[in-house]
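The data block below is target-v1.txt; it holds compact mmCIF, C-alpha atoms and all ligand atoms.
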```
# COMPACT_ATOMS: atom_id res chain seq x y z
CA MET A 1 80.02 113.96 121.92
CA ILE A 2 80.90 110.82 120.00
CA LYS A 3 78.55 107.94 120.85
CA ASP A 4 79.94 104.57 122.03
CA LEU A 5 78.89 102.01 119.42
CA THR A 6 78.47 98.31 120.19
CA LYS A 7 80.18 95.63 118.11
CA GLU A 8 76.76 94.74 116.67
CA GLU A 9 76.20 98.34 115.55
CA ILE A 10 79.64 98.48 113.91
CA LEU A 11 79.01 95.13 112.20
CA GLU A 12 75.74 96.49 110.84
CA ILE A 13 77.59 99.49 109.39
CA TYR A 14 80.27 97.19 107.90
CA ASN A 15 77.60 94.99 106.28
CA THR A 16 75.61 97.85 104.74
CA PRO A 17 75.21 97.38 100.94
CA LEU A 18 78.47 98.75 99.55
CA LEU A 19 77.27 101.82 97.62
CA GLU A 20 74.99 102.84 100.47
CA LEU A 21 77.93 102.44 102.88
CA ILE A 22 80.19 104.59 100.69
CA THR A 23 77.47 107.27 100.46
CA LYS A 24 77.02 107.36 104.25
CA ALA A 25 80.77 107.47 104.84
CA ALA A 26 81.15 110.25 102.26
CA GLU A 27 78.51 112.28 104.14
CA VAL A 28 80.45 111.96 107.40
CA HIS A 29 83.65 112.79 105.53
CA GLN A 30 82.12 115.97 104.11
CA LYS A 31 80.86 117.04 107.52
CA PHE A 32 84.17 116.70 109.38
CA HIS A 33 86.95 116.94 106.77
CA LYS A 34 88.13 118.88 103.75
CA THR A 35 87.28 116.23 101.19
CA GLY A 36 89.62 117.47 98.43
CA GLU A 37 92.68 117.32 100.71
CA VAL A 38 94.81 114.25 101.25
CA GLN A 39 97.88 114.28 103.46
CA VAL A 40 101.08 113.05 101.87
CA SER A 41 103.23 111.32 104.48
CA SER A 42 106.71 110.00 104.05
CA LEU A 43 107.98 106.85 105.75
CA LEU A 44 111.57 106.20 106.70
CA SER A 45 112.98 103.06 108.27
CA ILE A 46 115.69 104.47 110.54
CA LYS A 47 116.62 101.04 111.93
CA THR A 48 115.78 98.03 109.81
CA GLY A 49 115.39 94.31 110.58
CA GLY A 50 116.76 92.11 113.32
CA CYS A 51 113.68 92.63 115.51
CA PRO A 52 113.22 90.16 118.40
CA GLU A 53 109.39 90.11 118.08
CA ASP A 54 107.38 87.49 116.16
CA CYS A 55 104.68 89.59 114.43
CA SER A 56 103.70 87.10 111.73
CA TYR A 57 103.16 89.74 109.03
CA CYS A 58 106.51 91.45 109.48
CA PRO A 59 109.56 91.03 107.26
CA GLN A 60 111.73 92.68 109.92
CA ALA A 61 111.41 89.95 112.56
CA ALA A 62 114.86 88.35 113.00
CA ARG A 63 113.40 84.85 113.26
CA TYR A 64 111.97 84.82 109.72
CA HIS A 65 114.13 84.37 106.63
CA THR A 66 113.29 87.36 104.46
CA GLU A 67 115.34 89.43 102.06
CA VAL A 68 115.26 92.54 104.23
CA LYS A 69 118.65 94.24 104.45
CA VAL A 70 119.38 94.76 108.14
CA HIS A 71 120.87 98.12 109.06
CA LYS A 72 121.66 99.81 112.35
CA LEU A 73 120.28 103.19 113.34
CA MET A 74 120.82 105.86 110.65
CA SER A 75 122.73 109.05 111.45
CA VAL A 76 120.90 112.31 112.17
CA GLU A 77 122.52 113.81 109.05
CA GLU A 78 121.23 111.04 106.78
CA VAL A 79 117.74 111.42 108.20
CA SER A 80 117.89 115.19 107.74
CA VAL A 81 118.62 114.76 104.01
CA CYS A 82 115.67 112.34 103.68
CA ALA A 83 113.41 114.89 105.43
CA ASP A 84 114.48 117.62 102.98
CA ASN A 85 113.66 115.33 100.07
CA ALA A 86 110.29 114.43 101.58
CA LYS A 87 109.41 118.09 102.12
CA ASN A 88 110.44 119.02 98.59
CA GLY A 89 108.20 116.23 97.34
CA GLY A 90 105.17 117.79 99.06
CA ALA A 91 105.08 115.68 102.23
CA SER A 92 103.72 117.37 105.36
CA ARG A 93 104.37 114.46 107.74
CA MET A 94 107.35 112.23 108.17
CA CYS A 95 107.11 108.94 110.04
CA LEU A 96 110.26 107.33 111.43
CA GLY A 97 110.09 103.56 111.97
CA ALA A 98 112.47 101.42 113.99
CA ALA A 99 112.45 97.61 114.22
CA TRP A 100 112.57 97.68 118.01
CA ARG A 101 110.48 95.78 120.54
CA GLU A 102 110.67 98.82 122.80
CA VAL A 103 112.57 102.05 123.31
CA ARG A 104 115.54 101.84 125.66
CA ASP A 105 117.06 104.83 127.44
CA ASN A 106 120.38 104.79 125.63
CA LYS A 107 122.44 106.69 123.03
CA ASP A 108 120.24 105.44 120.18
CA PHE A 109 117.19 107.02 121.80
CA ASP A 110 119.12 110.30 122.22
CA LYS A 111 119.88 110.12 118.51
CA VAL A 112 116.19 109.60 117.67
CA LEU A 113 115.33 112.65 119.82
CA ASP A 114 117.83 114.65 117.74
CA MET A 115 116.23 113.36 114.52
CA VAL A 116 112.81 114.49 115.79
CA LYS A 117 114.15 117.98 116.65
CA THR A 118 115.82 118.29 113.25
CA ILE A 119 112.75 117.26 111.25
CA ASN A 120 110.37 119.34 113.36
CA SER A 121 112.53 122.42 112.75
CA LYS A 122 111.90 121.97 109.01
CA GLY A 123 108.15 122.48 109.54
CA LEU A 124 107.12 118.84 109.05
CA GLU A 125 104.84 116.94 111.44
CA VAL A 126 107.03 114.20 112.89
CA CYS A 127 105.61 110.80 113.75
CA ALA A 128 107.58 107.89 115.16
CA THR A 129 106.92 104.19 115.55
CA LEU A 130 109.58 102.68 117.77
CA GLY A 131 107.75 99.91 119.66
CA MET A 132 106.67 100.11 123.29
CA VAL A 133 107.37 103.35 125.20
CA THR A 134 107.07 104.41 128.84
CA GLU A 135 105.33 107.63 129.80
CA ASP A 136 108.70 109.25 130.49
CA GLN A 137 110.06 108.29 127.05
CA ALA A 138 106.89 109.56 125.41
CA LYS A 139 107.32 112.88 127.27
CA ARG A 140 110.91 113.17 126.04
CA LEU A 141 109.71 112.59 122.49
CA ALA A 142 107.02 115.23 122.94
CA GLU A 143 109.59 117.71 124.29
CA ALA A 144 111.77 117.05 121.23
CA GLY A 145 108.82 118.13 119.05
CA LEU A 146 107.21 114.81 118.12
CA TYR A 147 103.67 115.33 116.82
CA ALA A 148 102.33 111.78 116.75
CA TYR A 149 103.26 108.32 117.94
CA ASN A 150 102.24 105.30 115.86
CA HIS A 151 101.52 102.08 117.71
CA ASN A 152 99.06 99.77 115.96
CA ILE A 153 96.74 97.36 117.72
CA ASP A 154 96.91 95.47 114.39
CA THR A 155 93.81 93.26 114.83
CA SER A 156 91.05 92.39 117.31
CA GLU A 157 91.83 91.50 120.92
CA GLU A 158 90.53 87.95 120.22
CA ASN A 159 92.79 87.43 117.18
CA TYR A 160 95.89 89.10 118.62
CA ASN A 161 97.56 85.93 119.95
CA ASN A 162 97.23 84.23 116.56
CA ILE A 163 99.33 86.98 115.00
CA ILE A 164 101.87 87.90 117.71
CA SER A 165 102.97 85.92 120.77
CA THR A 166 105.88 87.99 122.10
CA ARG A 167 103.68 90.74 123.55
CA THR A 168 100.04 91.19 124.47
CA PHE A 169 97.16 93.34 123.30
CA ASP A 170 97.24 94.98 126.74
CA ASP A 171 100.92 95.89 126.26
CA ARG A 172 99.88 97.76 123.12
CA LEU A 173 97.07 99.59 124.95
CA THR A 174 99.46 100.56 127.77
CA THR A 175 101.85 102.21 125.31
CA ILE A 176 98.94 104.05 123.69
CA LYS A 177 97.96 105.33 127.16
CA ASN A 178 101.54 106.46 127.84
CA VAL A 179 101.59 108.32 124.53
CA ARG A 180 98.33 110.06 125.41
CA LYS A 181 99.55 111.06 128.88
CA ALA A 182 102.56 112.74 127.28
CA GLY A 183 100.20 114.94 125.23
CA LEU A 184 101.20 113.40 121.90
CA THR A 185 98.61 112.65 119.25
CA VAL A 186 97.86 108.95 118.84
CA CYS A 187 98.17 107.06 115.56
CA SER A 188 96.87 103.51 115.90
CA GLY A 189 95.27 101.15 113.44
CA GLY A 190 95.87 97.75 111.97
CA ILE A 191 96.10 95.36 109.08
CA ILE A 192 93.50 93.48 107.04
CA GLY A 193 94.18 90.44 104.90
CA MET A 194 95.87 88.33 107.57
CA GLY A 195 93.13 85.66 107.48
CA GLU A 196 91.02 87.46 110.10
CA SER A 197 87.21 87.27 110.17
CA ALA A 198 84.87 90.21 109.64
CA ALA A 199 84.24 90.03 113.42
CA ASP A 200 87.98 90.62 113.98
CA ARG A 201 87.96 93.68 111.73
CA ILE A 202 84.95 94.99 113.63
CA GLY A 203 86.62 94.14 116.96
CA MET A 204 89.67 96.17 116.00
CA LEU A 205 87.57 99.22 115.05
CA TYR A 206 85.51 98.73 118.23
CA THR A 207 88.61 98.96 120.47
CA LEU A 208 89.89 102.02 118.59
CA SER A 209 86.48 103.70 118.67
CA LEU A 210 86.24 103.38 122.46
CA LEU A 211 89.54 105.15 123.15
CA ARG A 212 88.93 108.61 124.58
CA PRO A 213 89.84 110.81 122.94
CA GLN A 214 89.60 108.69 119.82
CA PRO A 215 92.96 108.38 118.00
CA GLU A 216 93.70 111.38 115.80
CA SER A 217 95.00 108.99 113.20
CA VAL A 218 94.06 105.42 112.20
CA PRO A 219 96.12 103.66 109.53
CA ILE A 220 94.37 100.86 107.66
CA ASN A 221 97.00 98.62 106.10
CA ALA A 222 96.34 95.86 103.56
CA LEU A 223 98.78 93.07 104.30
CA VAL A 224 101.87 93.11 102.10
CA ALA A 225 102.53 89.37 102.07
CA VAL A 226 106.30 89.00 102.24
CA GLU A 227 108.16 85.81 101.33
CA GLY A 228 109.67 84.18 104.37
CA THR A 229 107.02 85.42 106.83
CA PRO A 230 104.33 83.06 108.19
CA LEU A 231 101.70 85.04 106.25
CA GLU A 232 103.51 84.79 102.89
CA GLU A 233 100.70 82.71 101.33
CA GLN A 234 97.84 85.02 102.24
CA PRO A 235 95.79 85.98 99.16
CA PRO A 236 95.57 89.72 98.41
CA VAL A 237 92.77 91.58 100.15
CA PRO A 238 89.87 92.36 97.77
CA ILE A 239 89.65 96.11 97.14
CA TRP A 240 85.99 95.96 98.23
CA ASP A 241 87.09 94.86 101.72
CA MET A 242 89.50 97.77 101.90
CA VAL A 243 86.77 100.25 100.84
CA ARG A 244 84.37 98.71 103.37
CA MET A 245 86.95 98.95 106.13
CA ILE A 246 87.82 102.57 105.37
CA ALA A 247 84.16 103.56 105.11
CA THR A 248 83.35 101.86 108.42
CA ALA A 249 86.35 103.50 110.09
CA ARG A 250 85.22 106.87 108.70
CA ILE A 251 81.76 106.46 110.27
CA VAL A 252 82.82 105.12 113.67
CA LEU A 253 85.79 107.52 113.99
CA PRO A 254 84.25 110.63 112.42
CA LYS A 255 86.98 113.15 113.26
CA THR A 256 89.97 110.83 112.84
CA SER A 257 92.42 110.97 109.99
CA VAL A 258 91.93 107.58 108.32
CA ARG A 259 95.08 106.52 106.50
CA LEU A 260 95.11 104.40 103.36
CA SER A 261 98.46 102.87 104.29
CA ALA A 262 100.30 99.71 103.15
CA GLY A 263 99.15 97.70 100.16
CA ARG A 264 98.45 100.43 97.58
CA LEU A 265 100.79 98.88 95.05
CA SER A 266 98.17 96.19 94.43
CA MET A 267 95.28 98.67 94.19
CA SER A 268 94.06 100.35 91.01
CA MET A 269 93.58 104.10 90.84
CA GLU A 270 89.82 103.50 90.67
CA GLY A 271 89.98 101.42 93.84
CA GLN A 272 91.95 104.09 95.65
CA ALA A 273 89.51 106.74 94.40
CA LEU A 274 86.71 104.85 96.16
CA CYS A 275 88.83 104.78 99.33
CA PHE A 276 89.20 108.59 99.18
CA LEU A 277 85.48 108.98 98.53
CA ALA A 278 84.77 106.70 101.51
CA GLY A 279 86.89 108.87 103.79
CA ALA A 280 90.61 108.15 103.46
CA ASN A 281 92.59 111.24 104.48
CA SER A 282 96.14 110.27 103.69
CA ILE A 283 98.64 108.12 101.86
CA PHE A 284 102.27 107.19 102.33
CA ALA A 285 104.07 108.46 99.24
CA GLY A 286 107.54 107.52 98.08
CA ASP A 287 108.91 104.44 96.34
CA LYS A 288 109.28 102.48 99.57
CA LEU A 289 107.19 101.96 102.70
CA LEU A 290 109.50 100.72 105.46
CA THR A 291 110.97 97.75 103.59
CA THR A 292 108.46 96.93 100.84
CA PRO A 293 107.70 98.78 97.58
CA ASN A 294 105.05 101.48 97.22
CA PRO A 295 103.64 103.16 94.08
CA LYS A 296 105.99 105.53 92.25
CA TYR A 297 105.84 109.09 93.51
CA ASN A 298 105.08 110.50 90.05
CA GLU A 299 102.18 108.09 89.59
CA ASP A 300 100.69 109.20 92.91
CA MET A 301 100.96 112.85 91.89
CA GLU A 302 99.28 111.98 88.58
CA MET A 303 96.50 110.28 90.59
CA PHE A 304 96.08 113.45 92.69
CA LYS A 305 95.79 115.48 89.48
CA ILE A 306 93.22 113.16 87.93
CA LEU A 307 91.12 112.96 91.11
CA GLY A 308 91.46 116.70 91.87
CA LEU A 309 93.14 116.13 95.24
CA THR A 310 95.60 118.50 96.87
CA PRO A 311 98.22 117.62 99.50
CA LYS A 312 97.27 118.78 102.99
CA LYS A 313 99.50 121.30 104.79
CA ALA A 314 101.39 120.40 107.99
CA PHE A 315 99.78 121.13 111.39
CA ALA A 316 96.36 121.84 109.87
CA ASP A 317 94.66 119.97 112.74
CA LYS A 318 94.85 121.56 116.14
CA PRO A 319 96.66 119.72 118.97
CA VAL A 320 94.73 117.65 121.52
CA GLU A 321 94.13 118.26 125.21
CA VAL A 322 96.55 116.60 127.67
CA ILE A 323 95.01 113.76 129.73
CA THR A 324 96.74 113.32 133.07
CA ASP A 325 95.52 109.99 134.37
N1 LIG B 401 108.47 97.91 115.66
C1 LIG B 401 107.48 98.85 115.85
C2 LIG B 401 106.12 98.26 116.19
O1 LIG B 401 105.86 97.14 115.84
O2 LIG B 401 105.33 98.98 116.80
C3 LIG B 401 107.30 99.83 114.71
C4 LIG B 401 107.42 99.37 113.27
S1 LIG B 401 106.18 98.25 112.69
C5 LIG B 401 106.85 97.78 111.14
C6 LIG B 401 104.77 99.30 112.33
C7 LIG B 401 103.52 98.68 111.77
O3 LIG B 401 103.70 98.35 110.41
C8 LIG B 401 103.04 97.38 112.38
O4 LIG B 401 102.36 97.56 113.58
C9 LIG B 401 102.10 96.85 111.30
O5 LIG B 401 100.78 97.29 111.52
C10 LIG B 401 102.66 97.47 110.02
N2 LIG B 401 103.21 96.43 109.14
C11 LIG B 401 104.36 95.74 109.31
N3 LIG B 401 104.55 94.84 108.33
C12 LIG B 401 103.48 94.92 107.51
C13 LIG B 401 103.08 94.23 106.33
N4 LIG B 401 103.81 93.26 105.82
N5 LIG B 401 101.92 94.59 105.75
C14 LIG B 401 101.16 95.59 106.27
N6 LIG B 401 101.48 96.28 107.39
C15 LIG B 401 102.62 95.95 108.01
C1 LIG B 402 101.44 101.82 109.52
O1 LIG B 402 100.34 101.51 110.03
N1 LIG B 402 101.85 101.40 108.33
C2 LIG B 402 103.19 101.87 108.06
C3 LIG B 402 103.47 102.82 109.27
N2 LIG B 402 102.32 102.60 110.10
C4 LIG B 402 104.71 102.69 110.03
C5 LIG B 402 104.14 100.73 107.89
C6 LIG B 402 103.77 99.79 106.78
C7 LIG B 402 104.85 98.76 106.64
C8 LIG B 402 104.61 97.83 105.50
C9 LIG B 402 105.64 96.77 105.41
C10 LIG B 402 107.03 97.24 105.14
O2 LIG B 402 107.27 98.08 104.23
O3 LIG B 402 107.96 96.76 105.81
FE1 LIG B 403 109.37 94.10 115.17
FE2 LIG B 403 107.53 95.99 114.75
FE3 LIG B 403 108.06 94.12 112.86
FE4 LIG B 403 106.79 93.42 115.10
S1 LIG B 403 106.04 94.87 113.54
S2 LIG B 403 108.52 92.32 114.15
S3 LIG B 403 107.78 94.76 116.60
S4 LIG B 403 109.45 95.69 113.58
```
Give the structure from the file, written as structure tokens.
Amino acid sequence: MIKDLTKEEILEIYNTPLLELITKAAEVHQKFHKTGEVQVSSLLSIKTGGCPEDCSYCPQAARYHTEVKVHKLMSVEEVSVCADNAKNGGASRMCLGAAWREVRDNKDFDKVLDMVKTINSKGLEVCATLGMVTEDQAKRLAEAGLYAYNHNIDTSEENYNNIISTRTFDDRLTTIKNVRKAGLTVCSGGIIGMGESAADRIGMLYTLSLLRPQPESVPINALVAVEGTPLEEQPPVPIWDMVRMIATARIVLPKTSVRLSAGRLSMSMEGQALCFLAGANSIFAGDKLLTTPNPKYNEDMEMFKILGLTPKKAFADKPVEVITD
């Protein structure tokens, strides 16, 4: 049984002297995970830009003037080719992202269901992040072979309204519940470097840690400050904050796959090595995240070689139980 931690207890973990914190996190990592394995995931933006929401970090919100090239939903054939490339590059998970506020029951959703079927049939874990979903939509995604649904809480409940005004923290939690009821695995995390306090970072981990079951996957993103967004002037997150955040996540979410997600382009190999030591289980590989650049694929493979890491196989973690209420 995983113990419910209070915010004070999580804050104490977060504030542990850094090397002691990394050591403790590494112990938890060794107990629950194969430490030499890191999952390589591939990201694909299947529908880019023009989003009606106002998430202040996001280059895809229609109301901000960014250089993102808007495109409508990709075809199933185009996505299938991208999946083949991802698989050949050693990816075991593919995450499809759409700049939607929510899923609608229309032809575009039918197309996404076809994409999921196609990618699943290639032996890749398929994840999708399409905005808010109902329980029925989540069930249709599960039937199509979706493995995980990504829906980030992004920050603490208290800070949420400072970052996004077009939907609420509770809306996010409702979608996560719908995803769970459909028997999908849950991927939910957030972003650091948006000007939040340490208490906000702790608050975010606190909410995630109290979900039952805890999310199978928690992405920790460092803000990629994009010109034209309200957060364009945010200074880069210090690597030590990222290591601290990953280590704390590792300890409070012992069985979860903690994902070292956006922001790696500004991190050194040494910095990333500390993140892996502190419990990071995965990276997004490929030259692009959704719309912003990511380290070169060859450089990531060189990093794996130097650090003695191997890419994790698909479906290595067993599926979760279905919760019905
Ligand atoms: N529209 C859907 C939604 O918001 O749920 C799915 C796509 S959205 C781009 C997925 C996640 O990407 C966001 O929740 C946020 O955590 C992350 N993200 C977006 N822009 C980012 C940025 N500039 N830096 C770091 N993470 C970012
Ligand atoms: C997540 O937490 N991070 C990924 C994935 N889930 C979908 C997205 C990062 C996006 C970074 C900004 C961009 O490239 O547009
Ligand atoms: Fe839209 Fe998602 Fe970007 Fe928010 S994070 S603006 S919902 S694409």
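The nearest approach to Asn178 (chain A) among the residues A:Met132, A:Val218, A:Leu289, A:Leu210, with all atoms listed in the file taken into account, belongs to A:Met132.
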Selection near Glu20 (chain A), 12 Å with only C-alpha atoms, sequence-local residues under 5 positions removed, as a VMD selection string: chain A and resid 13 to 15 25 to 27 244 247 to 248 278
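The space separating atom O4 of ligand LIG 401 (chain B) from CA of Lys31 (chain A) comes to 29.6 Å.
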Show me, as a Markdown table, the residues of chain A having an atom within 7 Å of ligand LIG 403 (chain B), each with the closest atom pair and its distance in Å, using all atoms listed in the file.
```
| residue | atom | partner | partner_atom | distance |
| --- | --- | --- | --- | --- |
| A:Gly49 | CA | B:LIG403 | S4 | 6.8 |
| A:Cys51 | CA | B:LIG403 | FE1 | 4.6 |
| A:Pro52 | CA | B:LIG403 | FE1 | 6.4 |
| A:Glu53 | CA | B:LIG403 | S2 | 4.6 |
| A:Asp54 | CA | B:LIG403 | S2 | 5.4 |
| A:Cys55 | CA | B:LIG403 | FE4 | 4.4 |
| A:Cys58 | CA | B:LIG403 | FE3 | 4.6 |
| A:Pro59 | CA | B:LIG403 | FE3 | 6.6 |
| A:Gln60 | CA | B:LIG403 | FE3 | 4.9 |
| A:Ala61 | CA | B:LIG403 | S2 | 4.1 |
| A:Ala98 | CA | B:LIG403 | S4 | 6.5 |
| A:Ala99 | CA | B:LIG403 | S4 | 3.6 |
| A:Trp100 | CA | B:LIG403 | FE1 | 5.6 |
| A:Arg101 | CA | B:LIG403 | S3 | 4.9 |
| A:Gly131 | CA | B:LIG403 | S3 | 6.0 |
```
Within-9 Å residues of ligand LIG 401 (chain B), basis all atoms listed in the file, as a PyMOL selection string: chain A and resi 45+51+53+55-60+96-102+128-132+150-155+172+188-194+219-226+229+231-232+261-263+290-292
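Comparing A:Lys117, A:Arg201, A:Lys3, A:Arg264 by their smallest distance to ligand LIG 402 (chain B), the closest is A:Arg264 (using all atoms listed in the file).
If you measure from each of A:Glu233, A:Asp105, A:Glu37, A:Asp287 to ligand LIG 402 (chain B) using all atoms listed in the file, the closest one turns out to be A:Asp287.
Counting all atoms listed in the file and comparing A:Ser209, A:Asn294, A:Thr175, A:Thr185, the residue that lies closest to ligand LIG 402 (chain B) is A:Asn294.
Distance-wise, CA of Phe315 (chain A) and CA of Arg93 (chain A) end up 8.9 Å apart.
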